[in-house]
>>> print(open('final14.cif').read())   # mmCIF, C-alpha atoms
data_input
#
loop_
_atom_site.group_PDB
_atom_site.id
_atom_site.type_symbol
_atom_site.label_atom_id
_atom_site.label_comp_id
_atom_site.auth_asym_id
_atom_site.auth_seq_id
_atom_site.Cartn_x
_atom_site.Cartn_y
_atom_site.Cartn_z
ATOM 1 C CA MET V 1 0.000 0.000 0.000
ATOM 2 C CA ALA V 2 1.379 3.391 -0.964
ATOM 3 C CA LYS V 3 2.025 5.980 1.701
ATOM 4 C CA ASP V 4 -0.234 8.965 0.949
ATOM 5 C CA HIS V 5 0.796 11.335 3.739
ATOM 6 C CA ASN V 6 3.850 13.039 5.195
ATOM 7 C CA PHE V 7 3.451 11.856 8.792
ATOM 8 C CA PRO V 8 6.453 9.961 10.149
ATOM 9 C CA ASP V 9 6.050 6.268 10.831
ATOM 10 C CA PRO V 10 6.349 5.871 14.640
ATOM 11 C CA GLY V 11 7.991 2.441 14.295
ATOM 12 C CA ALA V 12 10.519 3.478 11.653
ATOM 13 C CA LYS V 13 14.144 4.247 12.394
ATOM 14 C CA ALA V 14 14.762 8.018 12.689
ATOM 15 C CA SER V 15 15.660 9.511 9.330
ATOM 16 C CA TRP V 16 17.035 12.632 11.018
ATOM 17 C CA PRO V 17 20.387 11.907 12.670
ATOM 18 C CA PRO V 18 20.710 15.463 14.070
ATOM 19 C CA LEU V 19 17.714 14.937 16.402
ATOM 20 C CA LEU V 20 18.423 15.657 20.035
ATOM 21 C CA PRO V 21 17.913 12.961 22.688
ATOM 22 C CA SER V 22 14.223 12.581 23.602
ATOM 23 C CA GLU V 23 13.212 14.891 20.732
ATOM 24 C CA ILE V 24 9.976 13.744 19.068
ATOM 25 C CA LEU V 25 9.484 14.047 15.317
ATOM 26 C CA ARG V 26 6.065 15.638 14.638
ATOM 27 C CA TRP V 27 6.267 16.011 10.846
ATOM 28 C CA GLU V 28 8.748 15.370 8.081
ATOM 29 C CA GLY V 29 8.534 15.937 4.380
ATOM 30 C CA ARG V 30 10.309 16.615 1.141
ATOM 31 C CA PRO V 31 9.517 19.019 -1.661
ATOM 32 C CA ALA V 32 7.631 17.864 -4.716
ATOM 33 C CA PRO V 33 10.336 17.297 -7.366
ATOM 34 C CA ARG V 34 8.921 19.200 -10.356
ATOM 35 C CA CYS V 35 7.715 22.070 -8.209
ATOM 36 C CA TYR V 36 11.096 22.355 -6.493
ATOM 37 C CA ALA V 37 13.082 22.219 -9.744
ATOM 38 C CA PHE V 38 10.875 24.728 -11.566
ATOM 39 C CA ARG V 39 10.208 27.145 -8.676
ATOM 40 C CA GLN V 40 12.495 29.687 -10.394
ATOM 41 C CA TRP V 41 10.784 29.397 -13.791
ATOM 42 C CA ARG V 42 10.647 33.172 -14.228
ATOM 43 C CA HIS V 43 14.430 33.352 -13.998
ATOM 44 C CA ALA V 44 14.687 30.547 -16.570
ATOM 45 C CA LEU V 45 12.343 32.372 -18.928
ATOM 46 C CA PHE V 46 14.396 35.558 -18.602
ATOM 47 C CA GLY V 47 17.530 33.453 -19.139
ATOM 48 C CA LEU V 48 16.130 32.179 -22.451
ATOM 49 C CA PHE V 49 15.516 35.741 -23.588
ATOM 50 C CA LEU V 50 18.982 36.805 -22.420
ATOM 51 C CA THR V 51 20.539 33.797 -24.202
ATOM 52 C CA ALA V 52 18.982 34.922 -27.481
ATOM 53 C CA VAL V 53 20.216 38.499 -27.005
ATOM 54 C CA CYS V 54 23.725 37.395 -26.044
ATOM 55 C CA SER V 55 23.879 34.944 -28.955
ATOM 56 C CA VAL V 56 23.106 37.749 -31.395
ATOM 57 C CA TRP V 57 25.679 39.943 -29.620
ATOM 58 C CA LEU V 58 28.266 37.147 -29.903
ATOM 59 C CA TRP V 59 27.499 36.644 -33.593
ATOM 60 C CA LEU V 60 27.884 40.399 -34.224
ATOM 61 C CA GLY V 61 31.089 40.430 -32.168
ATOM 62 C CA VAL V 62 32.600 37.608 -34.220
ATOM 63 C CA GLN V 63 31.669 39.433 -37.435
ATOM 64 C CA GLN V 64 33.205 42.701 -36.187
ATOM 65 C CA ALA V 65 36.322 40.924 -34.902
ATOM 66 C CA ALA V 66 36.888 39.337 -38.314
ATOM 67 C CA GLU V 67 36.279 42.600 -40.146
ATOM 68 C CA HIS V 68 38.376 44.904 -37.926
ATOM 69 C CA SER V 69 40.966 42.407 -36.612
ATOM 70 C CA TRP V 70 39.950 43.086 -32.994
ATOM 71 C CA PRO V 71 39.594 39.645 -31.380
ATOM 72 C CA TRP V 72 38.395 41.043 -28.050
ATOM 73 C CA LEU V 73 35.045 41.944 -29.666
ATOM 74 C CA ALA V 74 34.252 38.237 -29.914
ATOM 75 C CA TRP V 75 35.279 37.592 -26.279
ATOM 76 C CA VAL V 76 33.265 40.344 -24.558
ATOM 77 C CA PRO V 77 29.821 38.691 -24.821
ATOM 78 C CA LEU V 78 31.005 35.253 -23.613
ATOM 79 C CA PRO V 79 30.609 35.851 -19.838
ATOM 80 C CA PHE V 80 27.151 37.297 -20.436
ATOM 81 C CA LEU V 81 26.207 34.308 -22.582
ATOM 82 C CA ALA V 82 27.488 31.923 -19.898
ATOM 83 C CA TYR V 83 25.369 33.688 -17.265
ATOM 84 C CA ALA V 84 22.329 33.619 -19.548
ATOM 85 C CA LEU V 85 22.772 29.876 -20.120
ATOM 86 C CA TRP V 86 23.052 29.374 -16.343
ATOM 87 C CA LEU V 87 19.786 31.246 -15.820
ATOM 88 C CA ALA V 88 18.024 29.388 -18.619
ATOM 89 C CA PHE V 89 19.195 25.835 -17.929
ATOM 90 C CA GLY V 90 21.865 25.567 -15.234
ATOM 91 C CA GLN V 91 19.838 26.692 -12.244
ATOM 92 C CA LEU V 92 17.029 24.277 -13.182
ATOM 93 C CA LEU V 93 19.482 21.397 -13.393
ATOM 94 C CA ALA V 94 21.163 22.408 -10.112
ATOM 95 C CA ALA V 95 17.775 22.572 -8.354
ATOM 96 C CA ARG V 96 16.848 19.121 -9.646
ATOM 97 C CA LEU V 97 20.170 17.682 -8.460
ATOM 98 C CA GLU V 98 19.809 19.409 -5.073
ATOM 99 C CA TRP V 99 16.290 18.010 -4.625
ATOM 100 C CA ALA V 100 17.658 14.609 -3.572
ATOM 101 C CA LYS V 101 19.345 16.232 -0.555
ATOM 102 C CA VAL V 102 16.467 18.468 0.585
ATOM 103 C CA ALA V 103 14.325 17.431 3.533
ATOM 104 C CA TYR V 104 12.224 19.195 6.163
ATOM 105 C CA ALA V 105 11.262 18.208 9.691
ATOM 106 C CA VAL V 106 9.309 19.657 12.601
ATOM 107 C CA THR V 107 9.945 18.225 16.044
ATOM 108 C CA ASP V 108 8.489 19.093 19.417
ATOM 109 C CA ARG V 109 11.446 21.499 19.915
ATOM 110 C CA ARG V 110 12.752 22.688 16.533
ATOM 111 C CA ILE V 111 12.216 23.117 12.823
ATOM 112 C CA LEU V 112 14.950 21.568 10.671
ATOM 113 C CA VAL V 113 15.678 22.281 7.004
ATOM 114 C CA GLN V 114 18.323 20.191 5.257
ATOM 115 C CA GLN V 115 19.524 21.472 1.870
ATOM 116 C CA GLY V 116 22.636 21.867 -0.252
ATOM 117 C CA LEU V 117 23.829 20.715 -3.643
ATOM 118 C CA PHE V 118 27.236 19.254 -2.765
ATOM 119 C CA LYS V 119 27.338 19.170 1.034
ATOM 120 C CA PRO V 120 23.946 19.175 2.749
ATOM 121 C CA ARG V 121 23.652 21.582 5.669
ATOM 122 C CA VAL V 122 20.961 21.685 8.332
ATOM 123 C CA ASN V 123 19.406 25.001 9.396
ATOM 124 C CA THR V 124 17.348 24.970 12.568
ATOM 125 C CA LEU V 125 14.959 27.247 14.404
ATOM 126 C CA ASP V 126 13.855 26.568 17.966
ATOM 127 C CA LEU V 127 10.079 26.578 18.360
ATOM 128 C CA GLU V 128 10.497 28.890 21.349
ATOM 129 C CA ARG V 129 11.804 31.552 18.958
ATOM 130 C CA LEU V 130 9.082 31.084 16.320
ATOM 131 C CA THR V 131 7.185 34.358 15.797
ATOM 132 C CA TRP V 132 5.200 33.926 12.596
ATOM 133 C CA PHE V 133 4.977 32.061 9.314
ATOM 134 C CA ARG V 134 3.327 32.472 5.943
ATOM 135 C CA LEU V 135 1.855 29.732 3.797
ATOM 136 C CA GLN V 136 1.978 30.503 0.087
ATOM 137 C CA PRO V 137 -0.271 28.092 -1.805
ATOM 138 C CA LEU V 138 1.158 26.851 -5.105
ATOM 139 C CA GLY V 139 -1.726 24.607 -6.060
ATOM 140 C CA THR V 140 -4.103 22.103 -4.569
ATOM 141 C CA GLU V 141 -2.367 20.528 -1.561
ATOM 142 C CA LEU V 142 0.975 22.118 -2.474
ATOM 143 C CA GLY V 143 2.599 25.165 -0.907
ATOM 144 C CA THR V 144 5.663 26.900 0.483
ATOM 145 C CA LEU V 145 6.051 27.774 4.165
ATOM 146 C CA ARG V 146 8.157 30.818 5.048
ATOM 147 C CA ILE V 147 8.980 30.632 8.759
ATOM 148 C CA HIS V 148 10.276 33.604 10.771
ATOM 149 C CA GLY V 149 11.869 33.592 14.187
ATOM 150 C CA GLU V 150 12.939 36.393 16.463
ATOM 151 C CA ALA V 151 15.489 39.006 15.377
ATOM 152 C CA GLY V 152 18.733 37.422 14.235
ATOM 153 C CA ASP V 153 17.220 34.022 13.474
ATOM 154 C CA PRO V 154 17.377 32.633 9.950
ATOM 155 C CA VAL V 155 14.244 32.686 7.811
ATOM 156 C CA LEU V 156 13.447 29.088 6.939
ATOM 157 C CA MET V 157 11.808 28.254 3.620
ATOM 158 C CA LEU V 158 10.034 24.938 3.197
ATOM 159 C CA HIS V 159 9.629 24.993 -0.576
ATOM 160 C CA CYS V 160 6.965 23.042 -2.459
ATOM 161 C CA ILE V 161 5.741 20.776 0.332
ATOM 162 C CA GLU V 162 2.764 18.532 -0.196
ATOM 163 C CA TYR V 163 -0.104 18.898 2.258
ATOM 164 C CA PRO V 164 1.326 22.096 3.801
ATOM 165 C CA ARG V 165 -1.643 22.483 6.151
ATOM 166 C CA ARG V 166 -0.316 19.707 8.392
ATOM 167 C CA PRO V 167 2.889 21.447 9.511
ATOM 168 C CA ALA V 168 1.113 24.842 9.390
ATOM 169 C CA GLU V 169 -1.517 23.660 11.881
ATOM 170 C CA PHE V 170 1.190 22.437 14.253
ATOM 171 C CA LEU V 171 3.053 25.770 13.964
ATOM 172 C CA GLU V 172 -0.204 27.665 14.604
ATOM 173 C CA THR V 173 -0.709 25.609 17.770
ATOM 174 C CA VAL V 174 2.833 26.413 18.923
ATOM 175 C CA ILE V 175 2.355 30.145 18.323
ATOM 176 C CA LYS V 176 -1.037 30.195 20.103
ATOM 177 C CA THR V 177 0.355 28.260 23.058
ATOM 178 C CA ARG V 178 3.274 30.654 23.282
ATOM 179 C CA GLU V 179 0.953 33.693 23.158
ATOM 180 C CA GLN V 180 -1.312 32.205 25.835
ATOM 181 C CA GLY V 181 1.747 31.520 27.986
ATOM 182 C CA ALA V 182 2.902 35.132 27.627
ATOM 183 C CA ARG V 183 -0.579 36.431 28.537
ATOM 184 C CA SER V 184 -0.887 34.166 31.558
ATOM 185 C CA LYS V 185 2.582 35.204 32.781
ATOM 186 C CA GLU V 186 1.488 38.835 32.602
ATOM 187 C CA GLN V 187 -1.609 38.003 34.624
ATOM 188 C CA GLY V 188 0.272 35.773 37.083
ATOM 189 C CA PHE V 189 -1.212 32.409 36.015
ATOM 190 C CA PRO V 190 0.860 29.263 35.430
ATOM 191 C CA GLU V 191 1.985 28.660 31.839
ATOM 192 C CA PRO V 192 -0.225 26.268 29.793
ATOM 193 C CA ARG V 193 1.280 23.064 28.355
ATOM 194 C CA PRO V 194 1.202 22.357 24.568
#
>>> encode(input="final14.cif", output="structure tokens")
Amino acid sequence: MAKDHNFPDPGAKASWPPLLPSEILRWEGRPAPRCYAFRQWRHALFGLFLTAVCSVWLWLGVQQAAEHSWPWLAWVPLPFLAYALWLAFGQLLAARLEWAKVAYAVTDRRILVQQGLFKPRVNTLDLERLTWFRLQPLGTELGTLRIHGEAGDPVLMLHCIEYPRRPAEFLETVIKTREQGARSKEQGFPEPRP
């Protein structure tokens, strides 16, 4: 039977080695592959346009270099053409290759984002420092979570996750619990438990 959700299997071995002792995994997921690879499609479209412009510039430069015996005219557009090709095709390929190393997790203490093309790195944000987040829907049951902490904390992006409401609901609960705890401290009541 196919697994149709992003909830961790309680009996499975932990897939997150950087978990702290007694830390409980609440949610884990990965980005949808096509969505993750093509999330910068506007840059790729601009790169195609820039590739055409730079190709014409290169062709004109080669013609002028041959006519005037100035070889540097043919070399000037090459870095621009290389950048245009990177925008059009390279960044899409790099994103697709990076996809295999991207994973997200929410525990009872932290949010973890693992990413990186050559050497995966893990960025974390303690739930105590979570201030707000924004869910940007990308389609039916697909979205990107942008998570903000207190000043100085990194902004975590969970790109192209399937069923984004599940981690968003948990984060909403954490924020509400934290706000209730702050209000009850002001009024002198004991802090509520999540």
>>> atom_distance(input="final14.cif", atom1="atom CA of Cys54 of chain V", atom2="atom CA of Leu87 of chain V")
12.6 Å
>>> residues_around(input="final14.cif", residues="Phe80 of chain V", least_positions_apart="5", cutoff="12 Å", atoms="only C-alpha atoms", output="ChimeraX atom specification")
/V:47,50-58,74-75,85-87
>>> closest_residue(input="final14.cif", among="V:Pro77, V:Gly116, V:Pro164, V:Gly143", to="Val102 of chain V", atoms="all atoms listed in the file")
V:Gly116
>>> resolve_selection(input="final14.cif", expression="the PyMOL selection byres ((chain V and resi 33) around 12)", output="list in words")
Gly29, Arg30, Pro31, Ala32, Arg34, Cys35, Tyr36, Ala37, Phe38, Arg39, Leu92, Leu93, Ala95, Arg96, Leu97, Glu98, Trp99, Ala100, Lys101, Val102, Ala103, Leu142, His159, Cys160, Ile161 and Glu162 of chain V
>>> residues_around(input="final14.cif", residues="Leu25 of chain V", least_positions_apart="4", cutoff="8 Å", atoms="all atoms listed in the file", output="number ranges by chain")
V: 8, 105-108
>>> residues_around(input="final14.cif", residues="Arg134 of chain V", least_positions_apart="4", cutoff="9 Å", atoms="all atoms listed in the file", output="PyMOL selection string")
chain V and resi 144-148+168
>>> atom_distance(input="final14.cif", atom1="atom CA of Phe133 of chain V", atom2="atom CA of Gln180 of chain V")
17.7 Å
>>> closest_residue(input="final14.cif", among="V:Tyr163, V:Glu169, V:Ser69, V:Val122", to="Leu138 of chain V", atoms="all atoms listed in the file")
V:Tyr163
>>> residues_around(input="final14.cif", residues="Thr124 of chain V", least_positions_apart="6", cutoff="7 Å", atoms="all atoms listed in the file", output="PDB file with C-alpha atoms, keeping the file's coordinate frame")
ATOM      1  CA  ARG V 110      12.752  22.688  16.533  1.00  0.00           C
ATOM      2  CA  ILE V 111      12.216  23.117  12.823  1.00  0.00           C
ATOM      3  CA  LEU V 112      14.950  21.568  10.671  1.00  0.00           C
ATOM      4  CA  VAL V 113      15.678  22.281   7.004  1.00  0.00           C
TER       5      VAL V 113
END
